[in-house]
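Trainee: Here you go, this is input_23.txt (compact mmCIF, C-alpha atoms).
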# COMPACT_ATOMS: atom_id res chain seq x y z
CA MET A 1253 3.08 -38.84 -28.99
CA LYS A 1254 4.49 -37.59 -25.68
CA ILE A 1255 7.63 -38.34 -23.67
CA THR A 1256 6.70 -40.07 -20.42
CA ARG A 1257 10.01 -40.92 -18.74
CA LEU A 1258 13.80 -40.70 -18.99
CA THR A 1259 15.85 -43.41 -17.28
CA THR A 1260 19.63 -43.58 -17.06
CA TYR A 1261 21.66 -46.74 -16.49
CA LEU A 1262 25.31 -46.79 -15.40
CA VAL A 1263 26.77 -49.97 -16.89
CA ALA A 1264 30.24 -51.48 -16.99
CA PRO A 1265 32.83 -50.82 -18.07
CA ARG A 1266 32.38 -47.01 -17.94
CA TRP A 1267 29.21 -46.13 -19.84
CA CYS A 1268 25.88 -44.43 -19.22
CA PHE A 1269 22.84 -45.48 -21.24
CA LEU A 1270 19.61 -43.50 -21.50
CA ARG A 1271 16.14 -44.83 -22.24
CA ILE A 1272 13.36 -42.44 -23.25
CA ASP A 1273 9.81 -43.85 -23.09
CA THR A 1274 6.73 -42.47 -24.82
CA ASP A 1275 2.99 -42.90 -24.34
CA GLU A 1276 2.76 -44.77 -27.65
CA GLY A 1277 5.17 -47.49 -26.54
CA ILE A 1278 8.08 -46.38 -28.72
CA THR A 1279 11.37 -46.35 -26.82
CA GLY A 1280 14.57 -44.54 -27.78
CA TRP A 1281 18.10 -45.19 -26.55
CA GLY A 1282 21.04 -42.81 -26.19
CA GLU A 1283 24.48 -42.79 -24.60
CA PRO A 1284 25.11 -39.58 -22.59
CA ILE A 1285 28.54 -39.94 -21.01
CA VAL A 1286 31.72 -38.14 -20.06
CA GLU A 1287 34.25 -40.82 -19.26
CA GLY A 1288 34.95 -40.64 -15.53
CA ARG A 1289 31.95 -38.38 -14.91
CA ALA A 1290 29.04 -40.73 -15.60
CA HIS A 1291 27.12 -39.85 -12.42
CA THR A 1292 27.44 -36.14 -13.16
CA VAL A 1293 26.07 -36.49 -16.69
CA ALA A 1294 23.23 -38.73 -15.47
CA THR A 1295 22.25 -35.98 -13.02
CA ALA A 1296 22.26 -33.42 -15.84
CA VAL A 1297 19.95 -35.68 -17.86
CA ASP A 1298 17.63 -35.99 -14.87
CA GLU A 1299 17.45 -32.19 -14.60
CA MET A 1300 16.67 -31.90 -18.31
CA ALA A 1301 13.85 -34.41 -17.88
CA ASP A 1302 11.84 -31.70 -16.09
CA TYR A 1303 11.50 -29.97 -19.46
CA LEU A 1304 11.20 -33.04 -21.68
CA VAL A 1305 8.49 -35.09 -19.98
CA GLY A 1306 5.18 -34.32 -21.68
CA GLN A 1307 6.85 -33.01 -24.85
CA ASP A 1308 6.50 -34.34 -28.40
CA PRO A 1309 9.71 -36.37 -29.00
CA LEU A 1310 9.64 -35.64 -32.73
CA ARG A 1311 10.44 -31.94 -32.21
CA ILE A 1312 14.11 -32.85 -32.07
CA GLU A 1313 15.57 -29.54 -33.21
CA GLU A 1314 13.36 -27.55 -30.84
CA HIS A 1315 14.45 -29.68 -27.90
CA TRP A 1316 18.12 -29.40 -28.93
CA GLN A 1317 17.86 -25.61 -28.99
CA VAL A 1318 16.07 -25.36 -25.65
CA LEU A 1319 18.34 -27.82 -23.84
CA SER A 1320 21.54 -26.34 -25.32
CA LYS A 1321 20.70 -22.64 -25.05
CA GLY A 1322 17.67 -22.21 -22.81
CA GLY A 1323 19.46 -22.67 -19.51
CA PHE A 1324 21.58 -19.49 -19.90
CA TYR A 1325 24.78 -21.45 -19.13
CA ARG A 1326 25.69 -23.51 -22.14
CA GLY A 1327 28.35 -25.77 -23.58
CA GLY A 1328 31.08 -27.74 -21.89
CA PRO A 1329 31.46 -31.51 -21.70
CA VAL A 1330 28.76 -32.29 -19.11
CA LEU A 1331 25.87 -30.30 -20.55
CA SER A 1332 26.77 -31.09 -24.16
CA SER A 1333 27.05 -34.80 -23.39
CA ALA A 1334 23.70 -34.84 -21.62
CA VAL A 1335 22.12 -33.20 -24.67
CA ALA A 1336 23.99 -35.62 -26.93
CA GLY A 1337 22.51 -38.72 -25.33
CA ILE A 1338 19.02 -37.22 -25.32
CA ASP A 1339 19.38 -36.23 -28.97
CA GLN A 1340 20.45 -39.77 -29.93
CA ALA A 1341 17.43 -41.23 -28.16
CA LEU A 1342 15.03 -38.78 -29.83
CA TRP A 1343 16.38 -39.64 -33.27
CA ASP A 1344 16.01 -43.33 -32.36
CA ILE A 1345 12.36 -42.70 -31.52
CA ALA A 1346 11.83 -40.76 -34.76
CA GLY A 1347 13.34 -43.53 -36.87
CA LYS A 1348 11.18 -46.13 -35.16
CA ALA A 1349 8.08 -43.94 -35.51
CA PHE A 1350 8.59 -43.73 -39.29
CA ASP A 1351 10.06 -47.26 -39.51
CA VAL A 1352 13.29 -46.13 -41.19
CA PRO A 1353 16.94 -45.85 -40.18
CA VAL A 1354 17.98 -42.43 -38.89
CA TYR A 1355 20.22 -41.87 -41.92
CA GLN A 1356 17.08 -42.02 -44.08
CA LEU A 1357 15.71 -39.05 -42.15
CA LEU A 1358 19.03 -37.25 -42.74
CA GLY A 1359 18.68 -37.53 -46.51
CA GLY A 1360 19.48 -41.16 -47.19
CA HIS A 1361 22.70 -43.14 -47.36
CA VAL A 1362 25.65 -42.06 -49.47
CA ARG A 1363 27.64 -45.32 -49.06
CA ASP A 1364 26.93 -49.00 -48.60
CA ARG A 1365 29.60 -49.81 -46.01
CA MET A 1366 31.77 -47.86 -43.60
CA ARG A 1367 35.45 -48.39 -43.00
CA ILE A 1368 36.49 -48.96 -39.37
CA TYR A 1369 39.72 -49.14 -37.41
CA GLY A 1370 40.89 -51.02 -34.33
CA TRP A 1371 42.98 -50.10 -31.31
CA ILE A 1372 46.31 -51.55 -30.21
CA GLY A 1373 47.26 -49.45 -27.16
CA GLY A 1374 50.67 -47.82 -27.10
CA ASP A 1375 50.56 -46.11 -23.69
CA ARG A 1376 52.92 -48.81 -22.46
CA PRO A 1377 54.56 -49.90 -25.72
CA ASP A 1378 54.88 -53.65 -25.95
CA ALA A 1379 54.93 -55.59 -29.21
CA VAL A 1380 52.77 -53.09 -31.09
CA ALA A 1381 53.88 -54.48 -34.44
CA GLU A 1382 52.59 -57.93 -33.48
CA ALA A 1383 49.33 -56.42 -32.25
CA ALA A 1384 48.87 -54.50 -35.50
CA LYS A 1385 49.60 -57.60 -37.58
CA LYS A 1386 47.00 -59.50 -35.58
CA MET A 1387 44.43 -56.81 -36.40
CA GLN A 1388 45.41 -57.03 -40.06
CA ASP A 1389 45.04 -60.80 -40.02
CA GLN A 1390 41.53 -60.34 -38.59
CA GLY A 1391 40.60 -58.27 -41.63
CA LEU A 1392 41.15 -54.69 -40.49
CA SER A 1393 43.06 -52.33 -42.77
CA ALA A 1394 43.73 -49.61 -40.19
CA ILE A 1395 44.65 -49.29 -36.52
CA LYS A 1396 45.25 -46.53 -34.01
CA MET A 1397 47.88 -46.45 -31.28
CA ASN A 1398 48.88 -44.00 -28.59
CA GLY A 1399 52.04 -42.00 -29.16
CA GLY A 1400 53.36 -42.58 -25.65
CA GLY A 1401 52.65 -42.38 -21.96
CA GLU A 1402 53.60 -39.65 -19.52
CA MET A 1403 55.40 -36.82 -21.32
CA ARG A 1404 57.57 -33.99 -20.08
CA ARG A 1405 56.83 -30.61 -21.59
CA VAL A 1406 60.07 -30.99 -23.57
CA ASP A 1407 61.04 -34.63 -23.37
CA THR A 1408 64.14 -36.53 -24.40
CA ALA A 1409 65.14 -37.37 -27.93
CA GLY A 1410 64.63 -40.98 -26.94
CA GLN A 1411 60.87 -40.50 -26.55
CA SER A 1412 60.48 -39.25 -30.10
CA ILE A 1413 62.88 -41.78 -31.58
CA ALA A 1414 61.19 -44.69 -29.79
CA LEU A 1415 57.79 -43.70 -31.19
CA ALA A 1416 59.20 -43.48 -34.70
CA GLU A 1417 60.76 -46.91 -34.28
CA ARG A 1418 57.44 -48.42 -33.16
CA VAL A 1419 55.65 -46.95 -36.16
CA ALA A 1420 58.44 -48.19 -38.43
CA ALA A 1421 58.03 -51.70 -37.03
CA ILE A 1422 54.28 -51.66 -37.76
CA ARG A 1423 54.88 -50.36 -41.27
CA GLU A 1424 57.39 -53.15 -41.93
CA ALA A 1425 55.10 -55.82 -40.51
CA CYS A 1426 51.89 -54.70 -42.20
CA GLY A 1427 53.02 -53.08 -45.44
CA PRO A 1428 52.24 -49.83 -47.26
CA ASP A 1429 48.50 -50.43 -47.71
CA PHE A 1430 47.84 -50.69 -43.99
CA ASP A 1431 46.93 -47.41 -42.28
CA ILE A 1432 48.53 -46.38 -38.99
CA ALA A 1433 46.93 -43.60 -36.95
CA ILE A 1434 48.79 -42.21 -33.95
CA ASP A 1435 46.98 -40.59 -31.04
CA PHE A 1436 49.06 -37.95 -29.26
CA HIS A 1437 46.13 -37.65 -26.80
CA GLY A 1438 46.99 -34.05 -25.96
CA ARG A 1439 50.14 -35.29 -24.20
CA PHE A 1440 52.51 -33.44 -26.52
CA THR A 1441 53.25 -29.73 -26.22
CA VAL A 1442 53.67 -27.57 -29.30
CA ALA A 1443 57.44 -28.03 -29.03
CA MET A 1444 57.28 -31.81 -28.67
CA ALA A 1445 54.78 -32.17 -31.48
CA ARG A 1446 56.95 -30.16 -33.84
CA ARG A 1447 60.01 -32.19 -32.84
CA THR A 1448 58.34 -35.58 -33.25
CA LEU A 1449 56.16 -35.21 -36.35
CA PRO A 1450 59.08 -35.00 -38.83
CA LEU A 1451 60.44 -38.29 -37.51
CA LEU A 1452 57.12 -39.98 -38.31
CA GLU A 1453 56.75 -38.59 -41.83
CA PRO A 1454 58.82 -41.31 -43.60
CA TYR A 1455 56.27 -43.92 -42.47
CA LEU A 1456 53.28 -41.98 -43.85
CA PRO A 1457 50.86 -42.23 -40.91
CA PHE A 1458 47.16 -42.16 -41.71
CA PHE A 1459 46.83 -39.25 -39.29
CA VAL A 1460 48.09 -37.91 -35.98
CA GLU A 1461 45.24 -37.29 -33.55
CA GLU A 1462 44.96 -34.50 -30.99
CA PRO A 1463 48.58 -33.31 -31.12
CA LEU A 1464 47.67 -30.56 -28.64
CA VAL A 1465 45.23 -30.17 -25.76
CA PRO A 1466 42.04 -28.38 -26.86
CA GLU A 1467 42.85 -25.16 -24.99
CA MET A 1468 45.86 -24.81 -27.31
CA SER A 1469 43.70 -25.05 -30.43
CA ASP A 1470 44.82 -21.60 -31.55
CA HIS A 1471 48.20 -23.24 -32.29
CA ILE A 1472 46.81 -26.11 -34.35
CA GLY A 1473 47.43 -24.22 -37.58
CA GLU A 1474 51.18 -24.03 -37.02
CA ILE A 1475 51.25 -27.76 -36.28
CA CYS A 1476 49.38 -28.49 -39.50
CA ALA A 1477 51.73 -26.23 -41.45
CA SER A 1478 54.81 -27.90 -39.98
CA THR A 1479 54.13 -31.41 -41.27
CA SER A 1480 52.88 -33.41 -44.23
CA ILE A 1481 51.04 -35.79 -41.88
CA PRO A 1482 47.25 -35.28 -41.82
CA ILE A 1483 46.21 -33.80 -38.47
CA ALA A 1484 42.99 -34.86 -36.73
CA THR A 1485 41.33 -33.33 -33.69
CA GLY A 1486 37.99 -32.77 -32.03
CA GLU A 1487 37.15 -35.37 -29.38
CA ARG A 1488 37.18 -32.60 -26.73
CA LEU A 1489 35.37 -30.01 -28.82
CA PHE A 1490 31.66 -29.94 -28.08
CA SER A 1491 29.89 -27.81 -30.67
CA ARG A 1492 30.14 -26.30 -34.14
CA TRP A 1493 31.39 -23.12 -32.47
CA ASP A 1494 34.29 -25.05 -30.94
CA PHE A 1495 35.10 -26.49 -34.37
CA LYS A 1496 34.66 -23.18 -36.20
CA ASN A 1497 38.29 -22.12 -35.94
CA VAL A 1498 40.08 -25.47 -36.17
CA VAL A 1499 38.42 -26.65 -39.40
CA GLY A 1500 39.83 -23.59 -41.16
CA ALA A 1501 43.29 -23.96 -39.65
CA GLY A 1502 44.48 -26.79 -41.85
CA ILE A 1503 43.33 -29.94 -40.06
CA ALA A 1504 42.52 -32.87 -42.34
CA ILE A 1505 40.04 -34.73 -40.14
CA ALA A 1506 37.38 -33.56 -37.66
CA GLN A 1507 36.62 -36.00 -34.84
CA PRO A 1508 33.49 -34.93 -32.98
CA ASP A 1509 32.14 -37.48 -30.51
CA LEU A 1510 28.45 -38.35 -30.90
CA SER A 1511 28.14 -38.70 -27.10
CA HIS A 1512 29.88 -35.40 -26.33
CA ALA A 1513 29.26 -32.96 -29.17
CA GLY A 1514 25.50 -32.51 -29.03
CA GLY A 1515 24.51 -35.84 -30.56
CA ILE A 1516 23.37 -36.63 -34.08
CA SER A 1517 21.92 -33.16 -34.68
CA GLU A 1518 25.10 -31.24 -33.91
CA VAL A 1519 27.61 -33.68 -35.39
CA ARG A 1520 25.66 -33.65 -38.63
CA ARG A 1521 26.10 -29.87 -38.69
CA ILE A 1522 29.79 -30.13 -37.79
CA ALA A 1523 30.27 -32.63 -40.64
CA SER A 1524 28.68 -30.26 -43.13
CA MET A 1525 30.75 -27.32 -41.92
CA ALA A 1526 33.92 -29.42 -42.12
CA GLU A 1527 33.11 -30.38 -45.70
CA THR A 1528 33.23 -26.74 -46.76
CA PHE A 1529 36.90 -26.67 -45.67
CA ASP A 1530 37.75 -29.99 -47.39
CA VAL A 1531 37.98 -31.63 -43.95
CA ALA A 1532 36.96 -35.27 -43.52
CA LEU A 1533 34.79 -36.66 -40.73
CA ALA A 1534 35.93 -39.50 -38.45
CA PRO A 1535 33.73 -39.59 -35.34
CA HIS A 1536 35.51 -40.32 -32.07
CA CYS A 1537 33.97 -43.39 -30.40
CA PRO A 1538 35.87 -45.43 -27.78
CA LEU A 1539 32.47 -45.93 -26.12
CA GLY A 1540 29.50 -48.30 -26.12
CA PRO A 1541 27.14 -49.74 -28.74
CA ILE A 1542 24.61 -46.91 -28.70
CA ALA A 1543 27.27 -44.28 -29.36
CA LEU A 1544 28.68 -46.40 -32.18
CA ALA A 1545 25.22 -46.92 -33.69
CA ALA A 1546 24.60 -43.16 -33.61
CA SER A 1547 28.01 -42.50 -35.18
CA LEU A 1548 27.29 -44.89 -38.03
CA GLN A 1549 23.95 -43.22 -38.77
CA VAL A 1550 25.78 -39.93 -39.32
CA ASP A 1551 28.59 -41.65 -41.26
CA PHE A 1552 26.19 -43.20 -43.75
CA ALA A 1553 24.55 -39.84 -44.43
CA SER A 1554 27.77 -37.76 -44.61
CA PRO A 1555 29.71 -37.53 -47.90
CA ASN A 1556 32.95 -36.58 -46.12
CA ALA A 1557 32.91 -39.46 -43.59
CA LEU A 1558 36.31 -41.17 -43.78
CA ILE A 1559 36.55 -43.91 -41.16
CA GLN A 1560 34.86 -44.90 -37.90
CA GLU A 1561 36.48 -45.64 -34.56
CA GLN A 1562 35.03 -48.55 -32.57
CA SER A 1563 35.91 -49.96 -29.17
CA LEU A 1564 35.70 -53.74 -29.56
CA GLY A 1565 38.49 -55.17 -27.40
CA ILE A 1566 39.84 -51.77 -26.35
CA HIS A 1567 41.79 -51.88 -23.08
CA TYR A 1568 39.18 -49.76 -21.25
CA ASN A 1569 36.57 -52.48 -21.71
CA GLN A 1570 37.25 -54.57 -18.63
CA GLY A 1571 34.34 -56.78 -17.57
CA SER A 1572 32.03 -55.81 -20.43
CA ASP A 1573 32.54 -55.06 -24.10
CA LEU A 1574 30.87 -53.48 -27.09
CA LEU A 1575 28.51 -56.33 -27.96
CA ASP A 1576 27.40 -57.36 -24.47
CA TYR A 1577 24.28 -55.18 -24.37
CA LEU A 1578 22.80 -56.03 -27.79
CA VAL A 1579 20.16 -58.61 -28.65
CA ASP A 1580 21.56 -59.08 -32.17
CA THR A 1581 25.32 -58.52 -32.37
CA SER A 1582 25.49 -59.13 -36.12
CA VAL A 1583 24.62 -55.48 -36.78
CA PHE A 1584 28.24 -54.68 -35.94
CA GLY A 1585 29.64 -57.58 -37.93
CA PHE A 1586 32.96 -56.45 -39.43
CA ALA A 1587 34.24 -57.83 -42.74
CA ASP A 1588 37.30 -56.76 -44.73
CA GLY A 1589 37.74 -53.70 -42.54
CA TYR A 1590 34.20 -52.44 -43.04
CA VAL A 1591 30.82 -52.57 -41.30
CA ALA A 1592 27.73 -52.97 -43.44
CA ARG A 1593 25.01 -50.34 -43.57
CA PRO A 1594 22.43 -51.04 -40.85
CA THR A 1595 18.89 -51.38 -42.11
CA GLY A 1596 16.85 -51.50 -38.90
CA PRO A 1597 14.69 -48.56 -37.80
CA GLY A 1598 16.05 -45.79 -35.62
CA LEU A 1599 19.66 -46.35 -34.60
CA GLY A 1600 19.48 -49.83 -36.09
CA ILE A 1601 20.20 -51.76 -32.90
CA GLU A 1602 18.09 -53.62 -30.35
CA VAL A 1603 19.31 -53.01 -26.81
CA ASP A 1604 19.13 -55.98 -24.43
CA GLU A 1605 17.07 -54.25 -21.75
CA LYS A 1606 17.33 -57.08 -19.25
CA GLU A 1607 21.11 -57.15 -19.48
CA VAL A 1608 21.28 -53.36 -19.15
CA ALA A 1609 19.07 -53.44 -16.05
CA ARG A 1610 21.14 -56.24 -14.55
CA ALA A 1611 24.41 -54.40 -15.18
CA ALA A 1612 22.99 -51.15 -13.79
CA GLU A 1613 22.29 -52.86 -10.45
CA VAL A 1614 26.07 -53.14 -10.10
CA GLY A 1615 26.93 -49.86 -11.85
CA HIS A 1616 30.47 -48.52 -11.98
CA ARG A 1617 32.66 -45.73 -10.70
CA TRP A 1618 35.24 -45.65 -13.47
CA ARG A 1619 37.69 -42.77 -13.14
CA THR A 1620 40.21 -41.33 -15.55
CA PRO A 1621 43.75 -42.51 -14.70
CA THR A 1622 46.14 -39.95 -13.23
CA PHE A 1623 49.50 -39.75 -14.98
CA ARG A 1624 52.56 -38.31 -13.25
CA ARG A 1625 56.01 -37.51 -14.57
CA ASP A 1626 59.17 -38.83 -12.98
CA ASP A 1627 59.44 -35.64 -10.88
CA GLY A 1628 55.96 -36.22 -9.39
CA SER A 1629 54.14 -33.47 -11.33
CA LEU A 1630 50.85 -34.08 -13.10
CA ALA A 1631 51.13 -35.25 -16.71
CA GLU A 1632 48.42 -35.20 -19.38
CA TRP A 1633 46.49 -38.44 -19.61
Please express the file's structure as structure tokens.
Mentor:
Amino acid sequence: MKITRLTTYLVAPRWCFLRIDTDEGITGWGEPIVEGRAHTVATAVDEMADYLVGQDPLRIEEHWQVLSKGGFYRGGPVLSSAVAGIDQALWDIAGKAFDVPVYQLLGGHVRDRMRIYGWIGGDRPDAVAEAAKKMQDQGLSAIKMNGGGEMRRVDTAGQSIALAERVAAIREACGPDFDIAIDFHGRFTVAMARRTLPLLEPYLPFFVEEPLVPEMSDHIGEICASTSIPIATGERLFSRWDFKNVVGAGIAIAQPDLSHAGGISEVRRIASMAETFDVALAPHCPLGPIALAASLQVDFASPNALIQEQSLGIHYNQGSDLLDYLVDTSVFGFADGYVARPTGPGLGIEVDEKEVARAAEVGHRWRTPTFRRDDGSLAEW
């Protein structure tokens, strides 16, 4: 079997899908994307196609090594995300070639269902307790919210107190068996994180995500040591080498993104490395159906997988949503806060090729919002 063509599709709301065709008629799908840089990643995939066309798609590890290391310059979000989408598609082809789910090729499943969580916003706090209760009433047992909007480097006491009050309201509305994750989104400095975390401790958050920007990862250990709240990070770390230091610094949860961190091959390795430090896996995935399908394949094969993010109804999904590009949406049917183990071959989904082609005719130019503080200076988004 040989690879014959790679085709990228920019589809609303902000995604990039990749189709890899072979001369035996087996097609694989991946999702190579950096949010706000879809055209750039698609170009990187096109450049990598020069190497891939004519190759055996089942030599997945060989292709990962060549694409990740053979170009002299390596790493970073664009190149790693291009490799990630290609890697997903190659695993999809392999699963279809052997007529088994990808997790079967990774050693088989270790669980029958995977816990998931929903998203309730929080950038512009408005009735978050009601939103969380609605999620609970729909059957979810966990949600994630943002910790706030634009932040000064050392902000007012009111910012920290208001966040604690919002979390307290959710805890009161939903009870002690409902998990509340809080995404700091890299908007907090070391000082602000250390000030705010103690105020959240009485409400026992599930975890606090990305308390610092990734370039401050050398300080993550002191954040972990300063609080009893489990700390999660990793959506902007792109390889096992990026994770090497943080998993030993005291974090509780590693959050590699299957569309950013080298795909199924690399996230599987990150998961195994994390396990040796007693760190759980919770793949980052505010993206499309292919990225979620790839994440679930790793989850079902990873003993330390804890919970899976998914983007159904997330505020980024304007115009299109998670299920719009699937032939059979029941594969992501959620019940009692869990998604069942997929049993189809490859990634376990059937992409609606006609709908993808139609959406790609329109495309998108989604860009990351720009946050500014009240003095006009740039704030972390």
Trainee: Restricting the calculation to only C-alpha atoms, which member of A:Val1286, A:Ala1532, A:Asp1588, A:Ile1522 is positioned closest to Thr1620 in chain A?
Mentor: A:Val1286
Trainee: Determine the nearest neighbour of Gly1277 in chain A from the options A:Leu1575, A:Arg1423, A:Gly1347, A:Thr1256, counting all atoms listed in the file.
Mentor: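 Smallest distance to Gly1277 in chain A is found for A:Thr1256.
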Trainee: Given the point (12.0, -42.5, -22.7) in the coordinates of this file, which residues lie within 9 Å, counting only C-alpha atoms, and how would they look as a list in words?
Mentor: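 Residues lying no farther than 9 Å from the given point: Ile1255, Thr1256, Arg1257, Leu1258, Thr1259, Leu1270, Arg1271, Ile1272, Asp1273, Thr1274, Ile1278, Thr1279, Gly1280, Trp1281, Val1305, Ala1341, Leu1342 and Ile1345 of chain A.
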Trainee: Name the residues within 12 Å of (38.6, -30.6, -49.5), counting all atoms listed in the file in the file's coordinates, and put them as a PyMOL selection string.
Mentor: chain A and resi 1499-1500+1502-1505+1524-1533+1555-1556
Trainee: If we count all atoms listed in the file, what is near Arg1266 in chain A at a cut-off of 8 Å, once residues fewer than 2 positions away on the same chain are taken out, given as a VMD selection string?
Mentor: chain A and resid 1262 to 1264 1268 1287 to 1288 1290 1569 1616 to 1618
Trainee: Name the residues in contact with range 1600-1610 of chain A at a cut-off of 7 Å, using all atoms listed in the file, excluding same-chain residues fewer than 4 positions from it; report them as a PyMOL selection string.
Mentor: chain A and resi 1263+1353+1545+1577-1580+1583+1594-1596
Trainee: Using all atoms listed in the file for the distances, tell me which of A:Phe1495, A:Tyr1325, A:Phe1440, A:Phe1269 is nearest to Trp1633 in chain A.
Mentor: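 Answer, going by the shortest atom-to-atom distance: A:Phe1440.
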Trainee: Find the spatial neighbours of Arg1365 in chain A, counting all atoms listed in the file, within a cut-off of 8 Å - ignore same-chain residues fewer than 5 positions away - and output them as a VMD selection string.
Mentor: chain A and resid 1552 1590 to 1593
Trainee: Ranking A:Ala1513, A:Gly1391, A:Ala1349, A:Gly1615 by minimum distance to Gly1585 in chain A and counting only C-alpha atoms, which one comes first?
Mentor: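 Counting only C-alpha atoms, the residue closest to Gly1585 in chain A is A:Gly1391.
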Trainee: Can you pull out the residues contacting Ile1395 in chain A? Cut-off 7 Å, using all atoms listed in the file, and skip same-chain residues under 5 positions away; I want them as a list in words.
Mentor: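 The contact residues come out as Tyr1369, Gly1370, Trp1371, Ile1372, Ala1384, Asp1431, Ile1432 and Ala1433 of chain A.
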Trainee: Give me, please, the distance in Å between CA of Arg1624 in chain A and CA of Arg1488 in chain A, quoted to one decimal.
Mentor: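 The value is 21.2 Å.
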Trainee: Which is closest to Glu1276 in chain A among A:Gly1438, A:Pro1309, A:Tyr1261, A:Gly1322, if we use all atoms listed in the file?
Mentor: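 Closest candidate: A:Pro1309.
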Trainee: Of the candidates A:Ser1393, A:Ser1517, A:Thr1622, A:Pro1284, which shows the shortest atom-to-atom distance to His1315 in chain A, using all atoms listed in the file?
Mentor: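 Of A:Ser1393, A:Ser1517, A:Thr1622, A:Pro1284, the one nearest His1315 in chain A is A:Ser1517, counting all atoms listed in the file.
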Trainee: Selecting C-alpha atoms, how would range 1524-1550 of chain A from this structure be written as a PDB file, in the first residue's frame?
Mentor:
ATOM      1  CA  SER A1524       3.487   6.491  29.571  1.00  0.00           C
ATOM      2  CA  MET A1525       6.138   8.910  30.792  1.00  0.00           C
ATOM      3  CA  ALA A1526       3.567  10.727  32.929  1.00  0.00           C
ATOM      4  CA  GLU A1527       2.494   7.449  34.511  1.00  0.00           C
ATOM      5  CA  THR A1528       5.995   6.901  35.883  1.00  0.00           C
ATOM      6  CA  PHE A1529       5.560  10.127  37.897  1.00  0.00           C
ATOM      7  CA  ASP A1530       2.039   9.229  39.108  1.00  0.00           C
ATOM      8  CA  VAL A1531       0.626  11.892  36.769  1.00  0.00           C
ATOM      9  CA  ALA A1532      -2.771  11.368  35.137  1.00  0.00           C
ATOM     10  CA  LEU A1533      -3.607  11.980  31.487  1.00  0.00           C
ATOM     11  CA  ALA A1534      -6.427  14.311  30.381  1.00  0.00           C
ATOM     12  CA  PRO A1535      -5.952  15.212  26.708  1.00  0.00           C
ATOM     13  CA  HIS A1536      -6.720  18.804  25.778  1.00  0.00           C
ATOM     14  CA  CYS A1537      -9.388  18.906  23.044  1.00  0.00           C
ATOM     15  CA  PRO A1538     -11.513  22.025  22.402  1.00  0.00           C
ATOM     16  CA  LEU A1539     -11.366  21.030  18.725  1.00  0.00           C
ATOM     17  CA  GLY A1540     -13.232  18.963  16.143  1.00  0.00           C
ATOM     18  CA  PRO A1541     -14.473  15.379  15.867  1.00  0.00           C
ATOM     19  CA  ILE A1542     -11.287  13.893  14.429  1.00  0.00           C
ATOM     20  CA  ALA A1543      -9.152  15.264  17.254  1.00  0.00           C
ATOM     21  CA  LEU A1544     -11.655  13.953  19.791  1.00  0.00           C
ATOM     22  CA  ALA A1545     -11.732  10.529  18.138  1.00  0.00           C
ATOM     23  CA  ALA A1546      -7.930  10.365  18.238  1.00  0.00           C
ATOM     24  CA  SER A1547      -7.916  11.445  21.889  1.00  0.00           C
ATOM     25  CA  LEU A1548     -10.358   8.707  22.833  1.00  0.00           C
ATOM     26  CA  GLN A1549      -8.250   6.043  21.117  1.00  0.00           C
ATOM     27  CA  VAL A1550      -5.330   6.989  23.369  1.00  0.00           C
TER      28      VAL A1550
END
